[in-house]
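Enquirer: Okay, handing you the structure first.
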Amino acid sequence: MPKVVIGIPCFNEDQYIAGTLLSAIQQLDEYTDLEIWISDNKSTDNSVSKVEAVLEAVKSAVNHVTLVEQEGMSASDNFWYLFDATDSELFMWLGGHDQISKGYIQRGVTHITQSSDTGLFCGAHKGLTVDGNLFDQEVVYDFSQDNPVERYLQSIANLNNCYVFHSLFRRKNLMNFD
């Protein structure tokens, strides 16, 4: 297994999945010890065909991308399938409608590996409108709790969003995490 896996859970994301996948594939320009797994949760739109079209267009990425078509499961099970089916030191969930900037994985790997007590790497956030325009998304994290699990759960509860969930994690920090 590679050092990093990006897991993309997908359900009816045909508007966004091509951009999401391309943003993950562009990480290979700077960091190649990477696999991208997409778990399509029985989408009823064109999500799978959009993924296949990207892979047809970007043939150099085919060996780094795995597409799994599920028979239908809960959203939570689809997320955890990606984690459980892979075995990398670092793992990231990337929503089927989200994108990461060029070099994100390289910066994250560098940051995490330089500090043994760093459990996750999370970048700055931008919003993306339906027509593709970026806007600043203010996100303020409070990581003052001593307990790492409490710190993580409080950050999600107080933010009313899941940005921190889509971080690059040390896999060992997510093991046995409900």
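The chains in the structure tokens are called A, B, ... from first to last as shown; in each chain the residues are counted from 1, and the ligands are counted from 1 in the order shown.
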Find the residues near Ile25 (chain A): any atom within 9 Å, counting only C-alpha atoms, skip ones fewer than 6 places away on the same chain, and give them as a ChimeraX atom specification.
Expert: /A:36,58,61,64-65
Enquirer: Please write the residues from the selection above to a file, keeping N, CA, C and O atoms, as an mmCIF file, in the first residue's frame.
Expert:
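In the end it all went to selection15.cif:
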data_model
loop_
_atom_site.group_PDB
_atom_site.id
_atom_site.type_symbol
_atom_site.label_atom_id
_atom_site.label_comp_id
_atom_site.auth_asym_id
_atom_site.auth_seq_id
_atom_site.Cartn_x
_atom_site.Cartn_y
_atom_site.Cartn_z
ATOM 1 N N ILE A 36 -5.853 6.775 -4.868
ATOM 2 C CA ILE A 36 -7.153 7.425 -4.746
ATOM 3 C C ILE A 36 -8.211 6.340 -4.897
ATOM 4 O O ILE A 36 -8.214 5.614 -5.900
ATOM 5 N N VAL A 58 -7.326 11.006 -18.361
ATOM 6 C CA VAL A 58 -6.063 11.140 -17.635
ATOM 7 C C VAL A 58 -5.494 9.739 -17.402
ATOM 8 O O VAL A 58 -5.465 9.236 -16.289
ATOM 9 N N ALA A 61 -3.119 8.446 -14.570
ATOM 10 C CA ALA A 61 -3.584 8.276 -13.195
ATOM 11 C C ALA A 61 -4.253 6.928 -12.956
ATOM 12 O O ALA A 61 -4.503 6.563 -11.808
ATOM 13 N N HIS A 64 -3.261 4.658 -10.217
ATOM 14 C CA HIS A 64 -3.358 5.232 -8.867
ATOM 15 C C HIS A 64 -4.794 5.330 -8.373
ATOM 16 O O HIS A 64 -5.024 5.765 -7.245
ATOM 17 N N VAL A 65 -5.766 4.970 -9.223
ATOM 18 C CA VAL A 65 -7.176 5.165 -8.880
ATOM 19 C C VAL A 65 -7.917 3.831 -8.898
ATOM 20 O O VAL A 65 -7.785 3.048 -9.840
#
Enquirer: Env of Glu71 (chain A): 10 Å cut, atoms = only C-alpha atoms, seq-sep filter 4 positions within chain, self excluded. Answer as a list of chain:residue names.
Expert: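 The neighbour list is A:Asp40, A:Asn41, A:Lys42, A:Ser43.
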Enquirer: To one decimal place, how far is CA of Leu22 (chain A) from CA of Ser101 (chain A) in Å?
Expert: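 Rounded to one decimal, the two atoms are 10.3 Å apart.
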Enquirer: If you run DSSP over the backbone, which residues in region 22-173 of chain A end up alpha helix (DSSP H)? Put them as a ChimeraX atom specification.
Expert: /A:22-25,47-57,75-84,104-114,148-159,171-173
Enquirer: Compile the contact shell of Phe91 (chain A) as a PyMOL selection string: residues with an atom at most 7 Å away, counting only C-alpha atoms, same-chain residues fewer than 3 positions apart removed.
Expert: chain A and resi 4-6+88+168-171
Enquirer: Can you tell me, as a PyMOL selection string, which residues in chain A count as strand (DSSP E or B) by DSSP?
Expert: chain A and resi 4-10+34-40+65-69+90-93+120-121+126-128+134-136+168-170
Enquirer: Keeping only N, CA, C and O atoms, write those residues as a CSV table (one decimal), in the first residue's frame.
Expert:
chain,number,residue,atom,x,y,z
A,4,VAL,N,-0.1,7.3,1.3
A,4,VAL,CA,-1.3,8.1,1.5
A,4,VAL,C,-2.4,7.5,0.6
A,4,VAL,O,-2.1,7.1,-0.5
A,5,VAL,N,-3.6,7.4,1.2
A,5,VAL,CA,-4.8,7.1,0.4
A,5,VAL,C,-5.8,8.2,0.6
A,5,VAL,O,-6.0,8.7,1.7
A,6,ILE,N,-6.3,8.7,-0.5
A,6,ILE,CA,-7.4,9.6,-0.5
A,6,ILE,C,-8.7,8.8,-0.8
A,6,ILE,O,-8.8,8.2,-1.9
A,7,GLY,N,-9.6,8.8,0.1
A,7,GLY,CA,-10.9,8.0,-0.1
A,7,GLY,C,-12.0,9.0,-0.4
A,7,GLY,O,-12.2,9.9,0.3
A,8,ILE,N,-12.7,8.7,-1.5
A,8,ILE,CA,-13.7,9.6,-2.0
A,8,ILE,C,-15.1,8.8,-1.9
A,8,ILE,O,-15.3,8.1,-2.8
A,9,PRO,N,-15.9,9.0,-0.9
A,9,PRO,CA,-17.2,8.4,-0.9
A,9,PRO,C,-18.1,9.2,-1.8
A,9,PRO,O,-18.0,10.5,-1.9
A,10,CYS,N,-18.9,8.5,-2.6
A,10,CYS,CA,-19.7,9.2,-3.6
A,10,CYS,C,-21.1,8.7,-3.7
A,10,CYS,O,-21.3,7.5,-3.7
A,34,LEU,N,0.8,7.6,-3.5
A,34,LEU,CA,-0.6,8.0,-3.3
A,34,LEU,C,-1.5,7.1,-4.1
A,34,LEU,O,-1.2,6.8,-5.3
A,35,GLU,N,-2.6,6.7,-3.5
A,35,GLU,CA,-3.7,6.0,-4.2
A,35,GLU,C,-4.9,6.8,-3.9
A,35,GLU,O,-5.1,7.4,-2.8
A,36,ILE,N,-5.9,6.8,-4.9
A,36,ILE,CA,-7.2,7.4,-4.7
A,36,ILE,C,-8.2,6.3,-4.9
A,36,ILE,O,-8.2,5.6,-5.9
A,37,TRP,N,-9.1,6.2,-3.9
A,37,TRP,CA,-10.1,5.2,-3.9
A,37,TRP,C,-11.5,6.0,-4.0
A,37,TRP,O,-11.7,6.9,-3.2
A,38,ILE,N,-12.3,5.6,-4.9
A,38,ILE,CA,-13.7,6.1,-5.0
A,38,ILE,C,-14.7,5.0,-4.7
A,38,ILE,O,-14.6,3.9,-5.3
A,39,SER,N,-15.5,5.2,-3.7
A,39,SER,CA,-16.6,4.2,-3.4
A,39,SER,C,-17.9,4.8,-3.8
A,39,SER,O,-18.4,5.7,-3.1
A,40,ASP,N,-18.5,4.4,-4.9
A,40,ASP,CA,-19.8,4.9,-5.4
A,40,ASP,C,-20.9,4.1,-4.7
A,40,ASP,O,-20.9,2.9,-4.9
A,65,VAL,N,-5.8,5.0,-9.2
A,65,VAL,CA,-7.2,5.2,-8.9
A,65,VAL,C,-7.9,3.8,-8.9
A,65,VAL,O,-7.8,3.0,-9.8
A,66,THR,N,-8.7,3.6,-7.8
A,66,THR,CA,-9.6,2.4,-7.8
A,66,THR,C,-11.0,2.9,-7.6
A,66,THR,O,-11.3,3.7,-6.7
A,67,LEU,N,-11.9,2.4,-8.5
A,67,LEU,CA,-13.3,2.7,-8.4
A,67,LEU,C,-14.0,1.5,-7.9
A,67,LEU,O,-13.9,0.4,-8.6
A,68,VAL,N,-14.8,1.6,-6.8
A,68,VAL,CA,-15.6,0.5,-6.3
A,68,VAL,C,-17.0,0.9,-6.4
A,68,VAL,O,-17.4,1.9,-5.9
A,69,GLU,N,-17.8,0.1,-7.1
A,69,GLU,CA,-19.3,0.3,-7.2
A,69,GLU,C,-20.0,-0.5,-6.1
A,69,GLU,O,-20.0,-1.7,-6.2
A,90,LEU,N,-1.1,7.3,6.1
A,90,LEU,CA,-1.9,8.5,6.1
A,90,LEU,C,-3.2,8.3,5.3
A,90,LEU,O,-3.1,7.7,4.2
A,91,PHE,N,-4.3,8.9,5.7
A,91,PHE,CA,-5.6,8.7,5.1
A,91,PHE,C,-6.3,10.0,5.1
A,91,PHE,O,-6.3,10.7,6.0
A,92,MET,N,-7.1,10.2,4.0
A,92,MET,CA,-7.9,11.4,3.9
A,92,MET,C,-9.2,11.1,3.2
A,92,MET,O,-9.3,10.4,2.2
A,93,TRP,N,-10.3,11.5,3.8
A,93,TRP,CA,-11.6,11.4,3.2
A,93,TRP,C,-11.8,12.7,2.4
A,93,TRP,O,-11.6,13.8,3.0
A,120,LEU,N,-3.2,15.2,12.5
A,120,LEU,CA,-3.9,15.5,11.3
A,120,LEU,C,-3.4,16.8,10.7
A,120,LEU,O,-2.9,17.7,11.4
A,121,PHE,N,-3.7,17.0,9.4
A,121,PHE,CA,-3.3,18.2,8.7
A,121,PHE,C,-4.5,18.7,8.0
A,121,PHE,O,-5.2,18.0,7.2
A,126,LYS,N,-11.9,27.2,1.3
A,126,LYS,CA,-12.6,28.1,0.4
A,126,LYS,C,-13.9,27.4,0.0
A,126,LYS,O,-14.0,26.2,-0.1
A,127,GLY,N,-14.9,28.3,-0.2
A,127,GLY,CA,-16.2,27.8,-0.7
A,127,GLY,C,-16.1,27.8,-2.2
A,127,GLY,O,-15.4,28.6,-2.8
A,128,LEU,N,-16.9,27.0,-2.8
A,128,LEU,CA,-17.0,26.9,-4.3
A,128,LEU,C,-18.5,27.0,-4.7
A,128,LEU,O,-19.3,26.1,-4.3
A,134,LEU,N,-14.6,30.7,-6.4
A,134,LEU,CA,-14.2,30.5,-5.1
A,134,LEU,C,-14.5,31.7,-4.2
A,134,LEU,O,-14.4,32.8,-4.7
A,135,PHE,N,-14.8,31.4,-2.9
A,135,PHE,CA,-14.9,32.5,-2.0
A,135,PHE,C,-14.3,32.1,-0.7
A,135,PHE,O,-14.2,30.9,-0.4
A,136,ASP,N,-13.9,33.1,0.1
A,136,ASP,CA,-13.3,32.8,1.4
A,136,ASP,C,-14.3,32.2,2.4
A,136,ASP,O,-15.4,32.7,2.5
A,168,LEU,N,-6.1,15.3,6.4
A,168,LEU,CA,-5.1,14.2,6.2
A,168,LEU,C,-4.8,13.7,7.6
A,168,LEU,O,-4.2,14.5,8.4
A,169,PHE,N,-5.1,12.5,7.8
A,169,PHE,CA,-5.0,11.9,9.2
A,169,PHE,C,-3.9,10.8,9.2
A,169,PHE,O,-3.6,10.1,8.2
A,170,ARG,N,-3.2,10.7,10.4
A,170,ARG,CA,-2.4,9.5,10.6
A,170,ARG,C,-3.5,8.4,10.8
A,170,ARG,O,-4.4,8.5,11.7
Enquirer: Between A:Asp29, A:Ala75, A:Gly119, A:Asn147, which is the closest to Tyr104 (chain A) once you count only C-alpha atoms?
Expert: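 Using only C-alpha atoms, the shortest distance to Tyr104 (chain A) belongs to A:Asp29.
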Enquirer: Would you mind reading off the distance between CA of Thr86 (chain A) and CA of Met1 (chain A), one decimal, in Å?
Expert: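 So the answer is 7.5 Å.
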Enquirer: For a test of reading the model, state the distance in Å between CA of Asn46 (chain A) and CA of Ser76 (chain A), rounded to one decimal.
Expert: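 Computed distance, CA of Asn46 (chain A) to CA of Ser76 (chain A), equals 21.6 Å.
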Enquirer: May I have the residues within 9 Å of Gly108 (chain A) as a list in words, using only C-alpha atoms and disregarding those fewer than 2 positions away in the same chain?
Expert: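 My list of contacting residues is Gly103, Tyr104, Ile105, Gln106, Thr110, His111, Ile112, Thr113, Leu120, Phe121, Cys122, Gly123, Ser167 and Leu168 of chain A.
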